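Enquirer: Contents of input-v4.cif (mmCIF, C-alpha atoms) are given next:
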```cif
data_protein
#
loop_
_atom_site.label_atom_id
_atom_site.label_comp_id
_atom_site.auth_asym_id
_atom_site.auth_seq_id
_atom_site.Cartn_x
_atom_site.Cartn_y
_atom_site.Cartn_z
CA MET I 22 146.66 126.14 95.50
CA SER I 23 146.53 124.07 92.29
CA ASN I 24 148.76 124.92 89.38
CA GLU I 25 145.84 126.34 87.47
CA ALA I 26 144.97 128.70 90.24
CA ARG I 27 148.59 129.72 90.72
CA LYS I 28 148.94 130.47 87.03
CA LEU I 29 145.71 132.37 87.22
CA SER I 30 146.76 134.64 90.01
CA ALA I 31 150.05 135.27 88.23
CA GLU I 32 148.19 136.12 85.05
CA HIS I 33 145.86 138.35 86.98
CA THR I 34 148.82 140.14 88.49
CA THR I 35 150.77 140.66 85.31
CA SER I 36 147.93 141.39 82.95
CA LYS I 37 146.34 144.00 85.17
CA PRO I 38 148.90 145.71 87.39
CA PRO I 39 147.04 147.76 89.98
CA LYS I 40 147.39 151.48 89.44
CA PHE I 41 149.58 153.28 91.92
CA GLY I 42 146.62 155.21 93.24
CA LYS I 43 144.63 152.06 93.80
CA ARG I 44 147.46 150.41 95.67
CA LEU I 45 147.60 153.34 98.00
CA ALA I 46 143.87 153.30 98.63
CA TRP I 47 143.77 150.38 101.05
CA PRO I 48 146.63 151.32 103.36
CA ALA I 49 145.54 154.97 103.30
CA LEU I 50 142.04 153.95 104.22
CA ALA I 51 143.30 151.74 106.99
CA LEU I 52 145.46 154.51 108.38
CA ALA I 53 142.65 157.05 108.30
CA ALA I 54 140.28 154.60 109.96
CA GLY I 55 142.87 153.89 112.62
CA ALA I 56 143.39 157.57 113.37
CA ALA I 57 139.65 158.21 113.57
CA TRP I 58 139.25 155.22 115.88
CA TRP I 59 142.00 156.43 118.18
CA LEU I 60 140.60 159.95 118.39
CA ALA I 61 137.11 158.71 119.16
CA TYR I 62 138.30 156.13 121.67
CA THR I 63 140.42 158.46 123.79
CA ASN I 64 137.64 161.02 124.00
CA LEU I 65 134.85 158.63 124.84
CA GLU I 66 134.75 159.13 128.57
CA ARG I 67 134.71 162.90 128.23
CA PHE I 68 131.96 162.66 125.65
CA ALA I 69 129.86 160.36 127.80
CA ASN I 70 130.16 162.60 130.83
CA TRP I 71 129.36 165.67 128.78
CA LEU I 72 126.33 164.04 127.20
CA VAL I 73 124.81 162.78 130.40
CA TYR I 74 125.65 165.55 132.84
CA SER I 75 125.79 168.67 130.68
CA ALA I 76 123.65 168.08 127.66
CA LEU I 77 120.97 166.02 129.34
CA GLY I 78 121.37 167.77 132.64
CA MET I 79 121.25 164.75 134.94
CA THR I 80 122.52 164.92 138.48
CA ALA I 81 125.65 162.96 139.23
CA GLY I 82 125.39 160.10 141.69
CA THR I 83 121.80 159.07 141.07
CA ARG I 84 121.11 155.49 140.02
CA LEU I 85 119.67 156.49 136.68
CA SER I 86 122.54 158.76 135.76
CA SER I 87 125.10 156.14 136.76
CA ALA I 88 123.35 153.54 134.69
CA ILE I 89 123.03 155.76 131.66
CA SER I 90 126.55 157.14 131.77
CA PHE I 91 127.83 153.59 132.17
CA PHE I 92 125.98 152.54 129.05
CA ILE I 93 126.95 155.55 126.96
CA TYR I 94 130.58 155.13 127.85
CA GLU I 95 130.81 151.36 127.71
CA ALA I 96 128.72 150.59 124.63
CA PRO I 97 130.75 152.50 122.04
CA LYS I 98 133.96 151.60 123.86
CA VAL I 99 133.32 147.90 123.71
CA LEU I 100 132.06 148.01 120.14
CA MET I 101 135.13 149.92 119.03
CA LEU I 102 137.44 147.51 120.79
CA LEU I 103 135.54 144.66 119.22
CA ILE I 104 135.95 146.09 115.74
CA LEU I 105 139.65 146.64 116.29
CA VAL I 106 140.37 143.23 117.71
CA VAL I 107 138.23 141.27 115.26
CA PHE I 108 139.93 143.13 112.42
CA GLY I 109 143.37 142.45 113.86
CA VAL I 110 142.63 138.81 114.54
CA GLY I 111 141.21 138.48 111.03
CA ILE I 112 144.52 139.68 109.63
CA VAL I 113 146.56 137.43 111.91
CA ARG I 114 144.42 134.50 110.83
CA SER I 115 145.12 135.26 107.20
CA PHE I 116 148.67 134.09 107.85
CA PHE I 117 147.53 130.68 109.02
CA THR I 118 145.64 127.88 107.40
CA PRO I 119 144.64 124.49 108.77
CA GLU I 120 146.92 122.91 106.18
CA ARG I 121 149.90 124.89 107.42
CA THR I 122 149.08 124.10 111.03
CA ARG I 123 148.87 120.45 110.16
CA ARG I 124 152.31 120.54 108.59
CA LEU I 125 153.68 122.31 111.62
CA LEU I 126 152.22 119.71 113.96
CA ALA I 127 152.77 116.49 112.01
CA GLY I 128 155.07 114.13 113.83
CA ARG I 129 155.65 116.39 116.81
CA ARG I 130 156.30 114.79 120.13
CA GLN I 131 153.79 115.28 122.90
CA THR I 132 154.27 118.17 125.30
CA LEU I 133 155.91 120.46 122.75
CA GLY I 134 153.21 119.43 120.31
CA ASN I 135 150.50 120.18 122.86
CA VAL I 136 151.89 123.65 123.52
CA LEU I 137 152.22 124.43 119.84
CA ALA I 138 148.81 123.03 118.97
CA SER I 139 147.11 125.11 121.64
CA LEU I 140 148.78 128.30 120.46
CA LEU I 141 147.98 127.49 116.85
CA GLY I 142 144.41 126.73 117.84
CA VAL I 143 143.97 130.35 118.75
CA VAL I 144 145.31 131.81 115.50
CA THR I 145 144.22 129.29 112.89
CA PRO I 146 140.93 130.12 111.22
CA PHE I 147 138.57 127.40 112.27
CA CYS I 148 134.96 126.85 111.48
CA SER I 149 133.34 124.24 113.67
CA CYS I 150 131.81 122.61 110.61
CA SER I 151 135.29 121.62 109.51
CA ALA I 152 136.04 119.99 112.85
CA VAL I 153 135.63 116.50 111.42
CA PRO I 154 137.65 116.85 108.21
CA LEU I 155 140.28 118.65 110.22
CA PHE I 156 140.42 115.94 112.86
CA ILE I 157 140.80 113.23 110.25
CA GLY I 158 143.36 115.23 108.34
CA PHE I 159 145.46 115.70 111.44
CA VAL I 160 145.40 112.19 112.81
CA THR I 161 146.04 110.47 109.51
CA THR I 162 149.14 112.49 108.78
CA GLY I 163 151.11 111.91 111.92
CA VAL I 164 149.75 114.48 114.32
CA PRO I 165 149.45 112.65 117.67
CA LEU I 166 145.90 112.29 118.97
CA GLY I 167 146.58 114.29 122.12
CA VAL I 168 148.09 117.12 120.12
CA THR I 169 145.07 117.18 117.83
CA PHE I 170 142.87 117.46 120.88
CA SER I 171 144.89 120.37 122.22
CA PHE I 172 144.11 122.15 119.00
CA LEU I 173 140.43 121.22 119.07
CA ILE I 174 140.09 122.41 122.65
CA ALA I 175 141.88 125.71 122.21
CA ALA I 176 140.19 126.75 118.99
CA PRO I 177 136.61 127.18 120.21
CA MET I 178 137.40 127.91 123.84
CA ILE I 179 139.64 130.91 123.33
CA ASN I 180 137.41 133.27 121.50
CA GLU I 181 138.53 136.74 120.51
CA VAL I 182 135.09 138.23 121.01
CA ALA I 183 135.03 136.96 124.58
CA LEU I 184 138.54 138.27 125.07
CA VAL I 185 137.62 141.77 123.94
CA LEU I 186 134.46 141.86 125.98
CA LEU I 187 136.23 140.69 129.11
CA PHE I 188 138.93 143.27 128.57
CA GLY I 189 136.45 146.06 127.93
CA LEU I 190 134.20 145.26 130.85
CA PHE I 191 136.54 143.86 133.47
CA GLY I 192 140.01 145.03 132.58
CA TRP I 193 143.08 143.41 131.12
CA LYS I 194 143.79 141.15 134.07
CA VAL I 195 140.59 139.16 133.69
CA ALA I 196 141.08 138.97 129.93
CA ALA I 197 144.66 137.77 130.39
CA LEU I 198 143.48 135.17 132.90
CA TYR I 199 140.97 133.84 130.45
CA LEU I 200 143.55 133.62 127.69
CA GLY I 201 146.22 132.10 129.88
CA THR I 202 144.07 129.51 131.60
CA GLY I 203 142.34 128.61 128.36
CA LEU I 204 145.71 127.83 126.80
CA VAL I 205 146.89 125.88 129.81
CA ILE I 206 143.73 123.80 129.91
CA ALA I 207 144.05 123.04 126.19
CA MET I 208 147.68 122.01 126.60
CA VAL I 209 147.24 119.89 129.69
CA ALA I 210 143.97 118.25 128.67
CA GLY I 211 145.39 117.36 125.28
CA TRP I 212 148.52 115.99 126.88
CA VAL I 213 146.51 113.91 129.36
CA ILE I 214 144.32 112.50 126.63
CA GLY I 215 147.42 111.64 124.66
CA ARG I 216 148.88 109.78 127.63
CA LEU I 217 145.69 107.79 128.14
CA ARG I 218 146.28 105.97 124.88
CA VAL I 219 142.70 106.19 123.72
CA GLU I 220 143.33 105.58 120.05
CA ARG I 221 141.15 102.50 120.24
CA TRP I 222 138.20 104.76 120.85
CA VAL I 223 138.53 106.63 117.61
CA GLU I 224 136.13 105.29 115.01
CA GLY I 225 137.94 102.68 112.97
CA TRP I 226 137.25 104.16 109.56
CA VAL I 227 139.12 107.31 110.46
CA TYR I 228 142.48 105.61 110.55
CA LYS I 229 141.67 103.69 107.43
CA SER I 230 141.18 106.89 105.47
CA ALA I 231 144.01 107.40 103.07
CA PRO I 232 146.33 110.11 104.30
CA MET I 233 145.66 113.20 102.31
CA ALA I 234 147.94 114.37 99.61
CA PRO I 235 149.26 117.64 100.97
CA GLN I 236 147.70 120.45 99.03
CA GLY I 237 150.41 122.75 97.76
CA GLU I 238 149.80 126.24 99.02
CA ASP I 239 150.54 129.53 97.41
CA GLU I 240 151.38 131.38 100.59
CA ARG I 241 151.84 134.79 99.11
CA MET I 242 148.69 136.74 99.82
CA ARG I 243 148.66 140.37 98.95
CA TRP I 244 148.18 142.77 101.82
CA THR I 245 145.08 144.21 100.20
CA GLU I 246 143.63 140.73 100.39
CA ARG I 247 144.56 140.44 104.06
CA LEU I 248 142.95 143.77 104.82
CA ARG I 249 139.87 142.63 102.97
CA LEU I 250 139.75 139.47 105.09
CA GLY I 251 140.03 141.60 108.20
CA ARG I 252 137.20 143.79 107.03
CA ASP I 253 135.07 140.77 106.12
CA ALA I 254 135.68 139.31 109.56
CA VAL I 255 134.44 142.52 111.13
CA LYS I 256 131.34 142.60 108.95
CA ASP I 257 130.63 138.97 109.68
CA ILE I 258 131.39 138.71 113.40
CA VAL I 259 130.55 142.17 114.68
CA GLY I 260 127.57 142.22 112.38
CA ARG I 261 126.19 139.11 114.02
CA VAL I 262 127.15 139.83 117.57
CA TRP I 263 126.45 143.50 118.24
CA PRO I 264 122.85 143.10 119.48
CA TYR I 265 124.07 140.70 122.15
CA VAL I 266 126.87 143.05 123.10
CA LEU I 267 124.52 145.99 123.49
CA ALA I 268 122.05 143.88 125.42
CA GLY I 269 124.83 142.74 127.70
CA ILE I 270 126.05 146.25 128.36
CA ALA I 271 122.51 147.43 128.99
CA ILE I 272 122.11 144.70 131.59
CA GLY I 273 125.47 145.66 133.03
CA ALA I 274 124.42 149.29 133.18
CA GLY I 275 121.24 148.37 134.99
CA ILE I 276 123.10 146.24 137.49
CA HIS I 277 125.76 148.89 137.89
CA GLY I 278 123.20 151.53 138.74
CA TYR I 279 120.54 149.64 140.59
CA VAL I 280 121.43 146.32 142.11
CA PRO I 281 122.92 146.23 145.58
CA GLU I 282 126.21 144.44 145.87
CA GLN I 283 126.80 140.96 147.19
CA LEU I 284 123.51 139.42 146.19
CA MET I 285 125.06 136.32 144.68
CA ALA I 286 127.76 135.99 147.29
CA SER I 287 125.90 133.35 149.25
CA ILE I 288 125.28 131.12 146.23
CA MET I 289 128.31 131.55 144.06
CA GLY I 290 130.71 133.23 146.37
CA LYS I 291 134.03 131.87 147.50
CA GLY I 292 132.51 130.26 150.56
CA ALA I 293 130.33 127.84 148.61
CA TRP I 294 132.83 125.12 147.65
CA TRP I 295 130.30 123.31 145.54
CA SER I 296 129.69 126.33 143.33
CA VAL I 297 132.62 125.54 141.03
CA PRO I 298 131.64 121.97 140.13
CA LEU I 299 128.04 123.09 139.80
CA ALA I 300 129.04 125.88 137.45
CA VAL I 301 131.06 123.51 135.29
CA VAL I 302 128.34 120.88 135.16
CA ILE I 303 125.66 123.41 134.31
CA GLY I 304 127.85 124.88 131.62
CA ILE I 305 128.60 121.68 129.76
CA PRO I 306 125.27 121.19 128.04
CA MET I 307 124.81 124.87 127.46
CA TYR I 308 125.83 126.48 124.26
CA SER I 309 126.03 130.14 123.63
CA ASN I 310 128.10 132.41 121.49
CA ALA I 311 130.77 134.21 123.42
CA ALA I 312 129.01 137.55 123.27
CA GLY I 313 125.86 136.09 124.71
CA ILE I 314 127.55 134.60 127.75
CA ILE I 315 129.40 137.73 128.81
CA PRO I 316 126.35 139.62 130.06
CA ILE I 317 125.60 136.69 132.30
CA VAL I 318 129.20 136.69 133.48
CA GLN I 319 128.97 140.35 134.24
CA ALA I 320 125.70 140.05 136.10
CA LEU I 321 127.05 137.23 138.24
CA LEU I 322 130.24 139.05 139.07
CA GLU I 323 128.54 142.27 140.00
CA LYS I 324 126.26 140.42 142.35
CA GLY I 325 129.16 138.94 144.25
CA ALA I 326 129.91 135.65 142.56
CA ALA I 327 133.52 134.59 142.82
CA LEU I 328 135.69 135.13 139.77
CA GLY I 329 136.89 131.54 139.62
CA THR I 330 133.38 130.16 139.60
CA VAL I 331 132.25 132.54 136.91
CA LEU I 332 135.28 131.89 134.71
CA ALA I 333 134.69 128.16 135.10
CA PHE I 334 131.09 128.58 134.04
CA MET I 335 132.01 130.65 131.01
CA MET I 336 134.71 128.29 129.80
CA SER I 337 132.45 125.34 130.29
CA VAL I 338 129.74 126.93 128.17
CA ILE I 339 132.02 128.09 125.38
CA GLY I 340 134.55 125.29 125.38
CA LEU I 341 132.30 122.26 125.71
CA SER I 342 129.14 122.44 123.71
CA LEU I 343 126.53 119.90 122.81
CA PRO I 344 126.61 120.72 119.07
CA GLU I 345 130.37 120.20 119.06
CA VAL I 346 130.01 116.85 120.80
CA VAL I 347 127.38 115.80 118.28
CA ILE I 348 129.71 116.66 115.44
CA LEU I 349 132.61 114.82 117.02
CA ARG I 350 130.47 111.74 117.54
CA LYS I 351 131.07 110.97 113.89
CA VAL I 352 134.72 110.27 114.51
CA LEU I 353 134.95 109.49 118.21
CA LYS I 354 133.39 106.62 120.07
CA LEU I 355 131.38 107.41 123.15
CA PRO I 356 134.08 106.51 125.73
CA LEU I 357 136.44 108.95 124.08
CA ILE I 358 133.84 111.68 124.01
CA ALA I 359 133.23 111.08 127.69
CA THR I 360 136.96 111.18 128.35
CA PHE I 361 137.31 114.38 126.36
CA VAL I 362 134.49 116.12 128.23
CA GLY I 363 135.73 114.73 131.53
CA VAL I 364 139.33 115.83 131.14
CA VAL I 365 138.48 119.30 129.90
CA GLY I 366 135.80 119.65 132.56
CA ALA I 367 138.28 118.63 135.23
CA GLY I 368 140.78 121.16 133.94
CA ILE I 369 138.19 123.92 134.08
CA LEU I 370 137.29 122.81 137.58
CA VAL I 371 140.87 123.07 138.79
CA VAL I 372 141.20 126.53 137.26
CA GLY I 373 138.01 127.63 138.94
CA TYR I 374 139.13 126.48 142.36
CA LEU I 375 142.59 127.89 141.90
CA PHE I 376 141.28 131.34 141.22
CA ASN I 377 138.79 131.28 144.03
CA ILE I 378 141.60 130.39 146.38
CA VAL I 379 144.21 132.72 145.00
CA LEU I 380 142.22 135.84 144.22
CA MET S 8 133.04 121.45 83.39
CA LYS S 9 132.24 119.79 86.65
CA ILE S 10 132.19 121.94 89.76
CA GLU S 11 131.76 120.54 93.23
CA VAL S 12 131.14 122.57 96.33
CA LEU S 13 132.29 120.70 99.42
CA GLY S 14 130.69 121.53 102.71
CA THR S 15 128.82 119.99 105.59
CA GLY S 16 126.01 122.48 105.70
CA CYS S 17 127.13 125.50 107.64
CA PRO S 18 126.12 128.92 106.30
CA LYS S 19 129.48 129.56 104.61
CA CYS S 20 129.20 126.42 102.53
CA MET S 21 125.69 127.30 101.44
CA SER S 22 126.66 130.83 100.48
CA MET S 23 129.57 129.49 98.45
CA GLU S 24 127.20 127.29 96.52
CA GLN S 25 125.02 130.28 95.72
CA ASN S 26 128.00 132.38 94.72
CA VAL S 27 129.26 129.64 92.44
CA LYS S 28 125.91 129.48 90.71
CA LYS S 29 125.94 133.24 90.32
CA ALA S 30 129.45 133.20 88.91
CA ILE S 31 128.55 130.55 86.38
CA ALA S 32 125.47 132.47 85.31
CA GLU S 33 127.46 135.66 84.89
CA LEU S 34 130.19 133.89 82.95
CA ALA S 35 127.61 132.03 80.89
CA VAL S 36 129.66 128.82 80.97
CA ASP S 37 128.32 125.35 80.79
CA ALA S 38 129.00 123.70 84.12
CA ASP S 39 127.49 121.16 86.47
CA VAL S 40 127.37 122.24 90.07
CA GLU S 41 127.18 119.55 92.69
CA LYS S 42 127.10 119.98 96.44
CA VAL S 43 128.99 117.35 98.37
CA THR S 44 128.10 117.04 102.04
CA ASP S 45 129.25 113.54 102.85
CA ILE S 46 132.25 113.62 105.18
CA GLN S 47 133.86 110.54 103.68
CA GLN S 48 133.81 112.04 100.21
CA ILE S 49 135.20 115.31 101.45
CA ILE S 50 138.06 113.54 103.19
CA GLN S 51 138.89 111.46 100.18
CA ARG S 52 139.56 114.57 98.17
CA GLY S 53 142.09 115.74 100.70
CA VAL S 54 140.06 118.64 102.00
CA MET S 55 140.53 119.72 105.56
CA SER S 56 138.59 122.90 105.86
CA THR S 57 135.25 123.59 104.37
CA PRO S 58 133.93 125.19 102.31
CA ALA S 59 135.99 123.91 99.43
CA LEU S 60 135.78 124.23 95.67
CA VAL S 61 136.67 121.42 93.30
CA ILE S 62 136.79 122.05 89.55
CA ASP S 63 137.07 119.03 87.27
CA GLY S 64 138.47 116.96 90.10
CA LYS S 65 141.07 119.46 91.32
CA VAL S 66 140.77 121.23 94.62
CA VAL S 67 141.23 124.92 93.80
CA LEU S 68 140.17 126.51 97.05
CA GLN S 69 139.50 125.49 100.59
CA GLY S 70 138.68 127.14 103.86
CA LYS S 71 137.82 130.50 102.39
CA ASN S 72 134.62 132.08 101.26
CA PRO S 73 135.45 133.86 98.03
CA THR S 74 133.51 136.62 96.35
CA VAL S 75 131.62 136.05 93.13
CA ASP S 76 134.38 137.89 91.25
CA GLN S 77 137.09 135.66 92.67
CA LEU S 78 135.02 132.62 91.79
CA LYS S 79 134.68 133.88 88.25
CA HIS S 80 138.45 134.14 87.97
CA LEU S 81 138.92 130.64 89.31
CA ILE S 82 136.29 129.17 87.04
CA SER S 83 137.18 130.98 83.84
CA GLY S 84 140.86 130.19 84.22
CA THR S 85 140.31 126.48 83.95
#
```
Would you write the structure of this file as structure tokens?
Expert:
Amino acid sequence: MSNEARKLSAEHTTSKPPKFGKRLAWPALALAAGAAWWLAYTNLERFANWLVYSALGMTAGTRLSSAISFFIYEAPKVLMLLILVVFGVGIVRSFFTPERTRRLLAGRRQTLGNVLASLLGVVTPFCSCSAVPLFIGFVTTGVPLGVTFSFLIAAPMINEVALVLLFGLFGWKVAALYLGTGLVIAMVAGWVIGRLRVERWVEGWVYKSAPMAPQGEDERMRWTERLRLGRDAVKDIVGRVWPYVLAGIAIGAGIHGYVPEQLMASIMGKGAWWSVPLAVVIGIPMYSNAAGIIPIVQALLEKGAALGTVLAFMMSVIGLSLPEVVILRKVLKLPLIATFVGVVGAGILVVGYLFNIVL
Amino acid sequence: MKIEVLGTGCPKCMSMEQNVKKAIAELAVDADVEKVTDIQQIIQRGVMSTPALVIDGKVVLQGKNPTVDQLKHLISGT
């Protein structure tokens, strides 16, 4: 923050000290909201069963009642999880800025840098419109190219909305798999790209840009501000995404109640070795927000598609997107873009096969 | 006073521009608001995450989407 702004926030603090009552308001609110959330969440299944079988009087075991009880249980459950996680991630992200990440990564050796960059990619707030300034900022201040790529791969690919949805619909193991393999792919792909010495394929003007003067940061953010950021994140993300989530769960409910198992087994099941590369290739040009892709994931899995293939498809859609490539074209020459897509695609491929074999 | 809003055109950058205009109107100050979308220019000012706010040549905020009230504080303090 500039000196003016720093002085300003100091003035603001000293000239108008928040009243004691007001300072309590935010944490008290947060606590009350948390308690209400917990109460509602732990009673959801009971409520859903009561509503469907007692209040509405449906018979257990029929397709319609299974579908409806699935929806009534899963929809609020997933939405509540979403709110909680987006809020939490919003707060975690308030502790990180791209500037801080850059300082942490500048001059790091490969390998350690790749690991760090991937982890930071998950927690640093990142808007894809700042991909280019961020890329230039990183590479002109001593962050190795491969490390920068680890960051750029991890940030969009590991998406907290997808994480929550996977957890809510498929359990923690699938969610953990997604997180873990996403990180590994970011680390390894970034490392590989670094080793390939592709600096010559970065647009020349990037390296000629003057390294930025580091912007001094006033790191001290008040907790009320952090809570506000969390709340804003919920309003923004959940506000945009909830129709897709509900649509996805509705589709899942329908499949759950009505579709016979194993329909997709012949096409995307473990036996079809070509299903993984096909899934990755189909996914590359596709672009969808994380919430939109999950219903498709769910439908495929319920019909018998193998987990590895489906994960590969999902990562390929979220992690490699045409809009992102178009944006990066401003700073990367075509061979490097191809390399980037190729290496990440290969990583996703390996993960897909691995899971089909292991699970 | 010269105010520049740096952004490449995503919704956050556009909403910041609108909020800045609102803040100026509410403060009734005399200021020029300019939207900068050219990447090269954004880089040259040392900005790494958009949207960013530059007042009289100094980067006062980047990467966040402030409220109109916060913008008023930033602008009136200068």
Enquirer: What is the CA of Val223 in chain I-CA of Leu353 in chain I distance in Å, reported with one decimal?
Expert: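 Pair CA of Val223 in chain I / CA of Leu353 in chain I returns 4.6 Å.
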Enquirer: Could you list, as a ChimeraX atom specification, the residues of chain S having an atom within 8 Å of chain I when counting all atoms listed in the file?
Expert: /S:15-17,46,49-57,65-68,70,80-81,84-85
Enquirer: For Asp257 in chain I, which residue among I:Ile104, I:Ala61, I:Leu85, I:Leu77 is the nearest when counting all atoms listed in the file?
Expert: I:Ile104
Enquirer: Do you have the CA of Ala327 in chain I-CA of Leu200 in chain I distance handy?
Expert: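 About the pair CA of Ala327 in chain I and CA of Leu200 in chain I: they are 18.2 Å apart.
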Enquirer: Excluding range 28-42 of chain S and any residue of its chain fewer than 6 positions from it, enumerate the residues within 8 Å of it, using all atoms listed in the file, and give them as a PDB file with C-alpha atoms, in the frame of the given file.
Expert:
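Writing done, so here's result25.pdb:
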```pdb
ATOM      1  CA  MET S   8     133.040 121.450  83.390  1.00  0.00           C
ATOM      2  CA  LYS S   9     132.240 119.790  86.650  1.00  0.00           C
ATOM      3  CA  ILE S  10     132.190 121.940  89.760  1.00  0.00           C
ATOM      4  CA  GLU S  11     131.760 120.540  93.230  1.00  0.00           C
ATOM      5  CA  VAL S  12     131.140 122.570  96.330  1.00  0.00           C
ATOM      6  CA  LEU S  13     132.290 120.700  99.420  1.00  0.00           C
ATOM      7  CA  GLY S  14     130.690 121.530 102.710  1.00  0.00           C
ATOM      8  CA  VAL S  75     131.620 136.050  93.130  1.00  0.00           C
ATOM      9  CA  ASP S  76     134.380 137.890  91.250  1.00  0.00           C
ATOM     10  CA  LEU S  78     135.020 132.620  91.790  1.00  0.00           C
ATOM     11  CA  LYS S  79     134.680 133.880  88.250  1.00  0.00           C
ATOM     12  CA  ILE S  82     136.290 129.170  87.040  1.00  0.00           C
ATOM     13  CA  SER S  83     137.180 130.980  83.840  1.00  0.00           C
TER      14      SER S  83
END
```
Enquirer: Measure the distance from CA of Gly329 in chain I to CA of Gly368 in chain I in Å and round it to one decimal.
Expert: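 CA of Gly329 in chain I sits 12.5 Å away from CA of Gly368 in chain I.
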Enquirer: Write out as a list in words the residues lying within 12 Å of Phe116 in chain I, counting only C-alpha atoms and excluding same-chain residues fewer than 3 positions away.
Expert: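 In the requested form, the answer reads Gly109, Val110, Gly111, Ile112, Val113, Pro119, Glu120, Arg121, Thr122, Leu141, Val144, Thr145, Pro146, Glu238, Asp239, Glu240, Arg241, Met242, Arg243, Trp244, Glu246, Arg247, Leu248, Leu250 and Gly251 of chain I.
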Enquirer: Limited to C-alpha atoms, could you put the picked residues into a file as a short mmCIF file (atom, residue, chain, number, x, y, z; two decimals), in the frame of the given file?
Expert:
```
data_model
loop_
_atom_site.label_atom_id
_atom_site.label_comp_id
_atom_site.auth_asym_id
_atom_site.auth_seq_id
_atom_site.Cartn_x
_atom_site.Cartn_y
_atom_site.Cartn_z
CA GLY I 109 143.37 142.45 113.86
CA VAL I 110 142.63 138.81 114.54
CA GLY I 111 141.21 138.48 111.03
CA ILE I 112 144.52 139.68 109.63
CA VAL I 113 146.56 137.43 111.91
CA PRO I 119 144.64 124.49 108.77
CA GLU I 120 146.92 122.91 106.18
CA ARG I 121 149.90 124.89 107.42
CA THR I 122 149.08 124.10 111.03
CA LEU I 141 147.98 127.49 116.85
CA VAL I 144 145.31 131.81 115.50
CA THR I 145 144.22 129.29 112.89
CA PRO I 146 140.93 130.12 111.22
CA GLU I 238 149.80 126.24 99.02
CA ASP I 239 150.54 129.53 97.41
CA GLU I 240 151.38 131.38 100.59
CA ARG I 241 151.84 134.79 99.11
CA MET I 242 148.69 136.74 99.82
CA ARG I 243 148.66 140.37 98.95
CA TRP I 244 148.18 142.77 101.82
CA GLU I 246 143.63 140.73 100.39
CA ARG I 247 144.56 140.44 104.06
CA LEU I 248 142.95 143.77 104.82
CA LEU I 250 139.75 139.47 105.09
CA GLY I 251 140.03 141.60 108.20
#
```
Enquirer: Please reconstruct the missing atoms of range 25-37 of chain S (target: N, CA and C atoms) and return them as a short mmCIF file (atom, residue, chain, number, x, y, z; two decimals), keeping the file's coordinate frame.
Expert:
```
data_model
loop_
_atom_site.label_atom_id
_atom_site.label_comp_id
_atom_site.auth_asym_id
_atom_site.auth_seq_id
_atom_site.Cartn_x
_atom_site.Cartn_y
_atom_site.Cartn_z
N GLN S 25 125.80 129.25 96.43
CA GLN S 25 125.02 130.28 95.72
C GLN S 25 125.92 131.17 94.89
N ASN S 26 127.07 131.53 95.46
CA ASN S 26 128.00 132.38 94.72
C ASN S 26 128.53 131.69 93.48
N VAL S 27 128.78 130.39 93.60
CA VAL S 27 129.26 129.64 92.44
C VAL S 27 128.21 129.67 91.33
N LYS S 28 126.98 129.46 91.72
CA LYS S 28 125.91 129.48 90.71
C LYS S 28 125.82 130.84 90.04
N LYS S 29 125.97 131.88 90.87
CA LYS S 29 125.94 133.24 90.32
C LYS S 29 127.08 133.45 89.35
N ALA S 30 128.27 133.00 89.75
CA ALA S 30 129.45 133.20 88.91
C ALA S 30 129.26 132.50 87.57
N ILE S 31 128.76 131.29 87.63
CA ILE S 31 128.55 130.55 86.38
C ILE S 31 127.55 131.26 85.48
N ALA S 32 126.48 131.76 86.10
CA ALA S 32 125.47 132.47 85.31
C ALA S 32 126.07 133.70 84.67
N GLU S 33 126.89 134.43 85.45
CA GLU S 33 127.46 135.66 84.89
C GLU S 33 128.49 135.37 83.82
N LEU S 34 129.19 134.23 83.96
CA LEU S 34 130.19 133.89 82.95
C LEU S 34 129.56 133.20 81.75
N ALA S 35 128.34 132.74 81.94
CA ALA S 35 127.61 132.03 80.89
C ALA S 35 128.37 130.81 80.41
N VAL S 36 128.98 130.06 81.36
CA VAL S 36 129.66 128.82 80.97
C VAL S 36 128.75 127.65 81.24
N ASP S 37 129.10 126.56 80.62
CA ASP S 37 128.32 125.35 80.79
C ASP S 37 128.99 124.52 81.87
#
```
